[in-house]
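Containing mmCIF, C-alpha atoms and all ligand atoms: work.cif.
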```
data_input
loop_
_atom_site.label_atom_id
_atom_site.label_comp_id
_atom_site.auth_asym_id
_atom_site.auth_seq_id
_atom_site.Cartn_x
_atom_site.Cartn_y
_atom_site.Cartn_z
CA MET C 1 -12.12 51.73 -6.52
CA SER C 2 -8.73 53.37 -6.28
CA PHE C 3 -7.62 55.99 -8.77
CA LEU C 4 -5.72 53.20 -10.49
CA GLU C 5 -8.92 51.29 -11.24
CA LYS C 6 -8.07 50.17 -14.79
CA ARG C 7 -4.64 48.66 -14.10
CA ILE C 8 -5.12 47.73 -10.47
CA SER C 9 -8.43 46.71 -8.97
CA MET C 10 -7.98 47.47 -5.31
CA GLU C 11 -9.77 49.75 -2.92
CA GLU C 12 -7.65 52.69 -1.84
CA SER C 13 -8.75 52.07 1.75
CA LYS C 14 -7.33 48.52 1.56
CA ILE C 15 -4.04 49.86 0.17
CA LYS C 16 -3.79 52.28 3.09
CA GLU C 17 -4.64 49.55 5.60
CA LEU C 18 -1.83 47.34 4.26
CA ILE C 19 0.62 50.25 4.41
CA LYS C 20 -0.34 50.91 8.04
CA TYR C 21 0.46 47.30 8.96
CA ALA C 22 3.77 47.48 7.07
CA LEU C 23 4.72 50.72 8.85
CA ASP C 24 4.04 49.07 12.22
CA MET C 25 6.18 46.07 11.31
CA ARG C 26 9.20 48.29 10.63
CA LYS C 27 9.28 48.96 14.37
CA ILE C 28 10.09 45.33 15.19
CA SER C 29 12.61 44.64 12.42
CA TYR C 30 15.77 42.95 13.65
CA THR C 31 18.48 44.95 11.88
CA PRO C 32 21.64 45.26 14.01
CA TYR C 33 23.86 45.20 10.89
CA SER C 34 22.19 47.30 8.19
CA HIS C 35 20.00 49.46 10.45
CA PHE C 36 17.61 49.44 7.50
CA ASN C 37 14.13 48.55 8.73
CA VAL C 38 11.59 47.00 6.39
CA GLY C 39 7.98 46.08 7.11
CA ALA C 40 5.59 44.18 4.86
CA ALA C 41 1.90 43.32 4.92
CA LEU C 42 0.63 40.57 2.63
CA LEU C 43 -3.07 40.25 1.80
CA GLY C 44 -4.31 36.69 1.36
CA LYS C 45 -7.23 35.86 -0.93
CA ASN C 46 -8.87 34.71 2.32
CA GLY C 47 -8.95 38.38 3.37
CA LYS C 48 -6.36 37.93 6.13
CA ILE C 49 -3.23 40.07 6.45
CA TYR C 50 0.12 38.37 7.09
CA THR C 51 2.84 40.70 8.33
CA GLY C 52 6.61 40.48 8.14
CA CYS C 53 9.79 42.34 9.03
CA ASN C 54 13.39 41.81 7.99
CA ILE C 55 15.40 39.57 10.32
CA GLU C 56 19.17 39.83 10.01
CA ASN C 57 21.92 37.48 11.13
CA ALA C 58 25.55 37.84 12.23
CA SER C 59 26.44 35.44 9.44
CA PHE C 60 24.70 37.83 6.99
CA THR C 61 23.41 35.37 4.35
CA PRO C 62 20.65 33.85 6.55
CA THR C 63 19.02 37.31 6.62
CA ASN C 64 15.35 37.17 5.69
CA CYS C 65 13.61 40.09 4.00
CA ALA C 66 10.33 41.44 5.34
CA GLU C 67 8.41 40.24 2.28
CA ARG C 68 9.63 36.67 2.58
CA THR C 69 8.91 36.65 6.30
CA ALA C 70 5.31 37.55 5.49
CA PHE C 71 5.04 34.92 2.72
CA PHE C 72 6.58 32.17 4.83
CA LYS C 73 4.31 32.96 7.77
CA ALA C 74 1.27 32.67 5.51
CA VAL C 75 2.38 29.56 3.64
CA SER C 76 3.31 27.85 6.90
CA GLU C 77 -0.30 28.40 7.97
CA GLY C 78 -1.60 26.73 4.81
CA VAL C 79 -2.34 29.91 2.84
CA LYS C 80 -1.01 29.97 -0.72
CA GLU C 81 -3.11 32.51 -2.60
CA PHE C 82 -2.54 36.24 -2.37
CA ASP C 83 -3.84 39.54 -3.74
CA ALA C 84 -1.31 42.18 -2.68
CA ILE C 85 1.68 43.17 -0.56
CA ALA C 86 2.69 46.53 0.91
CA ILE C 87 6.36 47.26 1.62
CA VAL C 88 7.88 50.13 3.60
CA GLY C 89 11.61 50.44 4.25
CA GLY C 90 14.24 52.93 5.26
CA PRO C 91 17.01 53.70 7.74
CA ASP C 92 16.25 53.03 11.39
CA GLY C 93 14.78 55.90 13.37
CA ALA C 94 13.55 57.93 10.41
CA GLU C 95 10.58 58.17 8.11
CA PRO C 96 11.45 56.54 4.76
CA GLU C 97 12.74 59.05 2.24
CA GLY C 98 12.50 56.68 -0.69
CA PHE C 99 10.49 53.67 -1.79
CA CYS C 100 11.83 50.21 -0.95
CA PRO C 101 11.39 47.95 -3.98
CA PRO C 102 11.37 44.20 -3.31
CA CYS C 103 14.70 42.46 -3.93
CA GLY C 104 15.04 39.89 -6.69
CA VAL C 105 14.81 36.92 -4.34
CA CYS C 106 11.53 38.22 -2.88
CA ARG C 107 10.16 38.81 -6.39
CA GLN C 108 10.90 35.17 -7.18
CA VAL C 109 9.11 34.02 -4.02
CA MET C 110 6.11 36.13 -5.07
CA SER C 111 6.31 34.45 -8.47
CA GLU C 112 5.91 31.03 -6.85
CA PHE C 113 2.57 31.84 -5.26
CA CYS C 114 1.04 34.76 -7.14
CA THR C 115 -0.75 35.34 -10.42
CA ASP C 116 -0.20 38.25 -12.82
CA SER C 117 -2.81 40.35 -10.99
CA PHE C 118 -0.78 40.37 -7.74
CA VAL C 119 -0.32 43.97 -6.58
CA ILE C 120 2.93 45.33 -5.09
CA ILE C 121 2.62 48.57 -3.13
CA CYS C 122 5.85 50.37 -2.26
CA ALA C 123 5.12 53.11 0.24
CA LYS C 124 6.75 55.91 2.18
CA SER C 125 3.54 56.63 4.09
CA GLU C 126 -0.18 55.94 3.83
CA ASP C 127 -0.42 58.82 1.38
CA GLU C 128 2.71 58.31 -0.68
CA TYR C 129 2.99 55.05 -2.56
CA VAL C 130 3.54 53.47 -5.97
CA VAL C 131 1.66 50.43 -7.18
CA ASN C 132 2.77 47.79 -9.68
CA THR C 133 1.66 44.33 -10.70
CA LEU C 134 3.96 41.30 -10.41
CA PRO C 135 4.69 41.04 -14.18
CA GLU C 136 5.60 44.73 -14.20
CA VAL C 137 8.37 44.15 -11.65
CA LEU C 138 9.32 40.65 -12.84
CA PRO C 139 8.63 40.23 -16.55
CA ASP C 140 9.07 36.82 -18.19
CA ARG C 141 9.15 35.23 -14.78
CA PHE C 142 10.13 31.63 -14.10
CA GLY C 143 7.41 29.83 -12.21
CA PRO C 144 6.01 26.40 -11.32
CA LYS C 145 4.44 26.04 -14.79
CA ASP C 146 7.87 26.18 -16.46
CA LEU C 147 8.84 22.89 -14.85
CA LEU C 148 5.89 21.23 -16.61
CA ASP C 149 6.81 22.39 -20.16
N1 LIG C 201 15.39 44.10 2.76
C1 LIG C 201 14.08 43.71 2.90
O1 LIG C 201 13.63 43.30 3.98
N2 LIG C 201 13.30 43.78 1.79
C2 LIG C 201 13.69 44.24 0.58
O2 LIG C 201 12.93 44.18 -0.38
C3 LIG C 201 15.03 44.82 0.42
C4 LIG C 201 15.97 44.57 1.54
C5 LIG C 201 16.24 44.06 3.96
C6 LIG C 201 17.31 43.01 3.94
C7 LIG C 201 18.31 43.59 4.91
O3 LIG C 201 17.93 43.24 6.24
C8 LIG C 201 18.17 45.09 4.76
O4 LIG C 201 16.91 45.29 4.11
C9 LIG C 201 19.26 45.76 3.94
O5 LIG C 201 19.42 45.13 2.73
#
```

Take the structure in the file and write it out as structure tokens.
Amino acid sequence: MSFLEKRISMEESKIKELIKYALDMRKISYTPYSHFNVGAALLGKNGKIYTGCNIENASFTPTNCAERTAFFKAVSEGVKEFDAIAIVGGPDGAEPEGFCPPCGVCRQVMSEFCTDSFVIICAKSEDEYVVNTLPEVLPDRFGPKDLLD
């Protein structure tokens, strides 16, 4: 178990593995406008890792964040249940100096597919990261169940 065993039940080795994938994905981000490269690695309950990078657009608004790229890749392959995501972001050509928290739109996409135990890992490196659960970063979230009330 990781040192966070009570709040988060995830092996530290799995956290580091996800971060490694996210770091690799930063290298293929398409960011000609912001030059801010983000990589993400999403762990499915099936044990598979779905990666994503941010993909920008000259028209700006079609830009897709790394997290959503990872989610949409997984969902488009029929996978809809997830345990965790690792996110690494920072200016092009440098090691990240800060953590890259998921934007509000990505948090809402997580809310569509993930339960309260979903783990969000924001990392600078394999050794420097913070871990939160979905309700910690998106309290009182609107989800599919709210349409049934
Ligand atoms: N971005 C992500 O990919 N994920 C986030 O959680 C925050 C922002 C991207 C979008 C855009 O390509 C660049 O970072 C600057 O906002």

Show which residues sit within 9 Å of Val137 in chain C, as an MDAnalysis selection string. Count all atoms listed in the file, and ignore same-chain residues fewer than 3 positions away. chainID C and resid 102 107 120 132:134

Within 12 Å of range 29-38 of chain C: each range 101-128 of chain C residue with its shortest pair, only C-alpha atoms, as CSV:
```
residue,atom,partner,partner_atom,distance
C:Pro101,CA,C:Val38,CA,10.4
C:Pro102,CA,C:Val38,CA,10.1
C:Cys103,CA,C:Val38,CA,11.7
C:Cys122,CA,C:Val38,CA,10.9
C:Ala123,CA,C:Val38,CA,10.8
C:Lys124,CA,C:Val38,CA,11.0
```

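Atom to atom, CA of Thr69 in chain C and CA of Gly52 in chain C stand 4.8 Å apart.
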
Selection near Met25 in chain C, 10 Å with all atoms listed in the file, sequence-local residues under 5 positions removed, as an NGL selection string: :C and (19-20 or 37-41 or 51-54 or 66 or 87-89)

Name the closest residue to ligand LIG 201 (chain C) among the candidates C:Arg68, C:Lys27, C:Lys73, C:Lys14; distances are taken between atoms, counting all atoms listed in the file. C:Arg68

Check the smallest atom-to-atom distance from each of C:Val79, C:Met10, C:Ala84, C:Met110 to ligand LIG 201 (chain C) using all atoms listed in the file, then report the winner. C:Met110

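Using all atoms listed in the file for every distance, the candidate list C:Phe82, C:Phe99, C:Phe113, C:Tyr129 yields C:Phe99 as the residue closest to ligand LIG 201 (chain C).
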
Got a sec: who's within 9 Å of Ile49 in chain C, counting all atoms listed in the file, leaving out chain neighbours fewer than 6 positions off, as a PDB file with C-alpha atoms, in the coordinates of the input?
```
ATOM      1  CA  LEU C  18      -1.830  47.340   4.260  1.00  0.00           C
ATOM      2  CA  TYR C  21       0.460  47.300   8.960  1.00  0.00           C
ATOM      3  CA  ALA C  41       1.900  43.320   4.920  1.00  0.00           C
ATOM      4  CA  LEU C  42       0.630  40.570   2.630  1.00  0.00           C
ATOM      5  CA  LEU C  43      -3.070  40.250   1.800  1.00  0.00           C
ATOM      6  CA  ALA C  70       5.310  37.550   5.490  1.00  0.00           C
ATOM      7  CA  ALA C  74       1.270  32.670   5.510  1.00  0.00           C
TER       8      ALA C  74
END
```

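Going from CA of Leu148 in chain C over to CA of Lys45 in chain C, you cover 25.1 Å.
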
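Nearest-residue note for Gly98 in chain C: choosing from C:Ile8, C:Val130, C:Cys114, C:Val119, the minimum distance belongs to C:Val130, counting only C-alpha atoms.
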
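CA of Ile28 in chain C to CA of Ala86 in chain C spans 16.1 Å [interatomic distance, one decimal].
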
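The smallest atom-to-atom distance between Ala94 in chain C and any of C:Leu147, C:Leu23, C:Glu12, C:Phe60, using all atoms listed in the file, is found for C:Leu23.
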